[in-house]
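Below: one structure, written as C-alpha cells.
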Amino acid sequence: MSNLLQNTSSLLNWDVLEERNTSSAPSWELEPVPVPVIVNPWDVLLCVTGTLMSCENAVVIALIAYTPTLRAPMFVLIGSLAFADLMAGLGLILNFIVTYIIDSGFVTLLSTGLLITAFSASVLNILAITVDRYLSLYNALTYHTERTVTFTYVTLFLMWVISATLGLLPVLGWNCLEDESTCSICRPVNKNNAAALAVSFLLIFALILQLYLQICKIAFRHAQQIAVQRQFMTTSHSSSTTKGVSTLTTILGTFAFCWIPLAMYSLVADTRSPVIYTYVTALPAICHSIINPMIYAFRNPEILRSLRIACCGCMPYSFSMRPRTPSDV
C-alpha cells in the first residue's frame, strides 16, 4: 500500500510538474523585450545641421588662427563669432545625445546652458561686428589705434561673460524640471527665462537696425562729399554704394527672417502648443549660424585668399590683393 501511495504520489507530482512546464512560457520568452527608441526626424535634422555648423565654423577659426595677417580687431570679432557658432553646433550634437542616449536631468541642463550661451554669444558678436563697422566709418581717422584694439577685447570679454551668465540660469534653478507647467517651448527653459531672452533679442535687433541705418547715412554722406569734390559721382563709386546698401539689406533681412519668428513664438506659445511649430521656428534660427561664415568670413578677401591657399596652395593672379576695411560691407 505504501508503495502504491508512493507511486501515486510520484505520478501526481509528475503531472503537476508536467502541467507547470506546459502552462508556463519558456524562460527566454519571460525576459523583457527592449522597446525600440523612435527617433524624431526633426532631431536628426538638427543634429546634422549642428555637425555642418561645427565643421564650417571650425574652418573659419583655423584660417584666422593660422594666418598671421588676420589679427585686426575685425578678424578677432569674426573669429569670436565663428567660435560661438561652433559651440552652438556642438551643443546641438550634445543635445541629440542627451535626448536619446543619456537620461540625466543635470546633463540636460548643461546641454541647454551650452546652447543658450552659444546662441547668445552669436547674436552679441553680430552686434559687436555692427558696432565695429559703425566706428570704422564714424571714427575713420582714429580707428586703427591701440584704443580700438583695447575696446574690442573688452567688448569681447563682456559679451562672453553675459552669454555665460545667461547659460548658467537653467543650471542655477531657472528651469521647469520640477514643474512641467512652467516650461516654455524649449524644455527645460521656463517661460520667464524664454521671454526674457526673446525680449533681449528683439532689443538687440532694434539696436543693430539703428546702427546699420546710421552706417547707410554715413556712407551716403561720404558719397555726396566725394561727388561735390569731383563735381560728379563716378559710375564705379555709385555702384559700390548701391552694392553696400543691398548687402546691408541682405544682412538685416536674413537676420530678421531667421531669428524674429522664434523670438515672437517664444513670447506667445507654451508647452501646450504643437511641437512642430517649435521645430519650424527654431530651425531657421539655427541655420543662421551656418549663414554667418558666408556673410562675415568668406566674403572677406583676406580670409578667402587664406582659404584658397590652404585648399590648393596657390592663388590666382587675378585675385584682388586689396585689403578690405571693416567699413566695407
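Ordering of the C-alpha cells sets the chain letters (A, B, ...); residue numbers start at 1 within each chain; ligands are numbered from 1 in the order shown.
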
(request) Mind checking which residues fall within 12 Å of stretch 63-70 of chain A, counting only C-alpha atoms, ignoring those fewer than 5 positions away in the same chain, and posting them as number ranges by chain? (result) A: 56-58, 75-83, 293, 297-298, 300-311, 323-324

(request) Write out as an NGL selection string the residues lying within 8 Å of A:Ser120, counting only C-alpha atoms and excluding same-chain residues fewer than 3 positions away. (result) :A and (116-117 or 123-124 or 163 or 166)

File dump, residues just selected, C-alpha atoms, as a JSON list (two decimals), in the first residue's frame:
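So the final result, stored in part_22.json, reads:
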[["chain", "number", "residue", "atom", "x", "y", "z"],
["A", 116, "ILE", "CA", 21.90, 79.39, -24.64],
["A", 117, "THR", "CA", 25.49, 80.56, -24.14],
["A", 123, "VAL", "CA", 23.89, 87.36, -31.52],
["A", 124, "LEU", "CA", 26.07, 89.60, -29.34],
["A", 163, "SER", "CA", 26.42, 84.91, -22.53],
["A", 166, "LEU", "CA", 22.55, 83.54, -19.38]]

(request) Taking the DSSP assignment computed from this structure's backbone, write out as a PyMOL selection string all residues of stretch 53-187 of chain A that belong to alpha helix (DSSP H). (result) chain A and resi 53-65+73-100+105-138+146-168

(request) Excluding A:Pro261 and any residue of its chain fewer than 6 positions from it, enumerate the residues within 12 Å of it, using only C-alpha atoms, and give them as a PyMOL selection string. (result) chain A and resi 198+201-202+254-255+267-269+277-286

Would you export the selected residues with N, CA, C and O atoms as a compact mmCIF listing (two decimals), in the first residue's frame, please?
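So out-v8.txt came out as:
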# COMPACT_ATOMS: atom_id res chain seq x y z
N ALA A 198 13.87 86.34 -25.36
CA ALA A 198 13.22 86.83 -26.57
C ALA A 198 13.18 88.36 -26.61
O ALA A 198 13.48 88.98 -27.64
N PHE A 201 16.63 89.72 -27.28
CA PHE A 201 16.97 89.59 -28.69
C PHE A 201 16.32 90.67 -29.54
O PHE A 201 16.96 91.26 -30.42
N LEU A 202 15.05 90.94 -29.30
CA LEU A 202 14.36 91.96 -30.07
C LEU A 202 15.00 93.34 -29.86
O LEU A 202 15.10 94.13 -30.81
N THR A 254 18.16 88.67 -43.61
CA THR A 254 18.47 87.30 -43.19
C THR A 254 18.39 87.15 -41.67
O THR A 254 17.83 86.18 -41.15
N PHE A 255 18.94 88.13 -40.96
CA PHE A 255 18.92 88.10 -39.50
C PHE A 255 17.49 88.11 -38.97
O PHE A 255 17.13 87.35 -38.08
N LEU A 267 7.32 84.16 -27.07
CA LEU A 267 6.55 85.04 -26.21
C LEU A 267 5.08 84.62 -26.09
O LEU A 267 4.44 84.89 -25.07
N VAL A 268 4.55 83.97 -27.11
CA VAL A 268 3.12 83.68 -27.13
C VAL A 268 2.79 82.21 -26.92
O VAL A 268 1.65 81.88 -26.60
N ALA A 269 3.76 81.32 -27.07
CA ALA A 269 3.47 79.88 -27.01
C ALA A 269 3.96 79.29 -25.70
O ALA A 269 4.74 79.89 -24.96
N TYR A 277 5.58 73.39 -34.44
CA TYR A 277 5.80 74.83 -34.59
C TYR A 277 7.14 75.25 -33.99
O TYR A 277 7.80 76.15 -34.50
N THR A 278 7.52 74.60 -32.91
CA THR A 278 8.81 74.91 -32.29
C THR A 278 9.95 74.56 -33.22
O THR A 278 10.90 75.34 -33.40
N TYR A 279 9.87 73.38 -33.84
CA TYR A 279 10.92 72.99 -34.77
C TYR A 279 10.96 73.91 -35.99
O TYR A 279 12.04 74.29 -36.45
N VAL A 280 9.80 74.29 -36.49
CA VAL A 280 9.74 75.12 -37.69
C VAL A 280 10.34 76.50 -37.43
O VAL A 280 11.01 77.08 -38.30
N THR A 281 10.12 77.06 -36.25
CA THR A 281 10.66 78.37 -35.93
C THR A 281 12.11 78.31 -35.45
O THR A 281 12.86 79.28 -35.63
N ALA A 282 12.50 77.21 -34.85
CA ALA A 282 13.86 77.10 -34.32
C ALA A 282 14.88 76.76 -35.41
O ALA A 282 16.04 77.20 -35.34
N LEU A 283 14.47 76.02 -36.43
CA LEU A 283 15.42 75.60 -37.46
C LEU A 283 16.02 76.78 -38.21
O LEU A 283 17.25 76.81 -38.43
N PRO A 284 15.24 77.80 -38.65
CA PRO A 284 15.88 78.95 -39.31
C PRO A 284 16.87 79.67 -38.41
O PRO A 284 17.93 80.13 -38.87
N ALA A 285 16.54 79.81 -37.11
CA ALA A 285 17.47 80.47 -36.19
C ALA A 285 18.77 79.69 -36.07
O ALA A 285 19.86 80.28 -36.01
N ILE A 286 18.67 78.37 -36.06
CA ILE A 286 19.87 77.54 -36.00
C ILE A 286 20.67 77.64 -37.29
O ILE A 286 21.90 77.74 -37.28

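Shortest atom-to-atom contact with A:Asn192 among A:Ser266, A:Leu115, A:Gly167, A:Ile215: A:Ser266, counting only C-alpha atoms.
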
(request) Would you mind listing what lies within 8 Å of A:Pro73 as a PyMOL selection string, with only C-alpha atoms counted and same-chain residues fewer than 6 positions away left out? (result) chain A and resi 148-149+152

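Coordinates place atom CA of A:Pro170 at a distance of 24.0 Å from atom CA of A:Cys258.
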
(request) Go through A:Ala84, A:Ile102, A:Cys287, A:Ala263 one by one, measure the shortest atom-to-atom distance of each to A:Leu45 using only C-alpha atoms, and give the residue with the smallest value. (result)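 Smallest separation from A:Leu45 among the options: A:Cys287.
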
(message) Write out as a ChimeraX atom specification the set of residues from stretch 137-320 of chain A that DSSP, computed on the backbone, places in strand (DSSP E or B).
(response) /A:175,183,189-190

(message) Counting only C-alpha atoms, which residue out of A:Ala118, A:Leu137, A:Ile295, A:Val107 sits closest to A:Thr247?
(response) A:Ile295

(request) Return the single residue from A:Tyr100, A:Val245, A:Ile291, A:Phe119 that is closest to A:Phe220, with distances computed using only C-alpha atoms. (result) A:Val245

(request) Between atom CA of A:Leu92 and atom CA of A:Cys47, measure the distance and give it in Å to one decimal. (result)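 Going from atom CA of A:Leu92 over to atom CA of A:Cys47, I get 5.7 Å.
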
(request) Point out the residue among A:Asn95, A:Leu177, A:Ile185, A:Ser136 with the least atom-to-atom distance to A:Ile276, counting only C-alpha atoms. (result)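 Ranking A:Asn95, A:Leu177, A:Ile185, A:Ser136 by distance to A:Ile276, first place goes to A:Ile185.
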
(request) Please provide as a list in words all residues within 8 Å of A:Ser289, with the sequence filter that same-chain residues fewer than 5 positions apart are discarded (counting only C-alpha atoms). (result)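 Using only C-alpha atoms, the neighbours found are Met53, Asp85, Ala88 and Ser122 of chain A.
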
Output all heavy atoms for every residue in that selection, as a CSV table (one decimal), in the first residue's frame.
chain,number,residue,atom,x,y,z
A,53,MET,N,27.4,72.9,-39.1
A,53,MET,CA,27.7,74.2,-38.5
A,53,MET,C,29.1,74.1,-37.8
A,53,MET,O,29.9,75.1,-38.0
A,53,MET,CB,26.6,74.5,-37.5
A,53,MET,CG,26.7,75.9,-36.8
A,53,MET,SD,25.6,76.0,-35.4
A,53,MET,CE,24.1,75.4,-36.2
A,85,ASP,N,29.4,80.1,-32.9
A,85,ASP,CA,28.6,79.2,-33.8
A,85,ASP,C,29.1,77.8,-33.7
A,85,ASP,O,28.3,76.8,-33.8
A,85,ASP,CB,28.6,79.7,-35.2
A,85,ASP,CG,27.8,81.0,-35.3
A,85,ASP,OD1,26.9,81.3,-34.5
A,85,ASP,OD2,28.2,81.8,-36.3
A,88,ALA,N,27.6,76.3,-30.7
A,88,ALA,CA,26.2,76.0,-30.9
A,88,ALA,C,26.0,74.7,-31.7
A,88,ALA,O,25.2,73.9,-31.3
A,88,ALA,CB,25.6,77.2,-31.7
A,122,SER,N,26.6,84.4,-30.1
A,122,SER,CA,26.5,84.6,-31.6
A,122,SER,C,25.8,85.9,-31.9
A,122,SER,O,26.3,86.7,-32.7
A,122,SER,CB,25.8,83.4,-32.3
A,122,SER,OG,25.7,83.6,-33.7
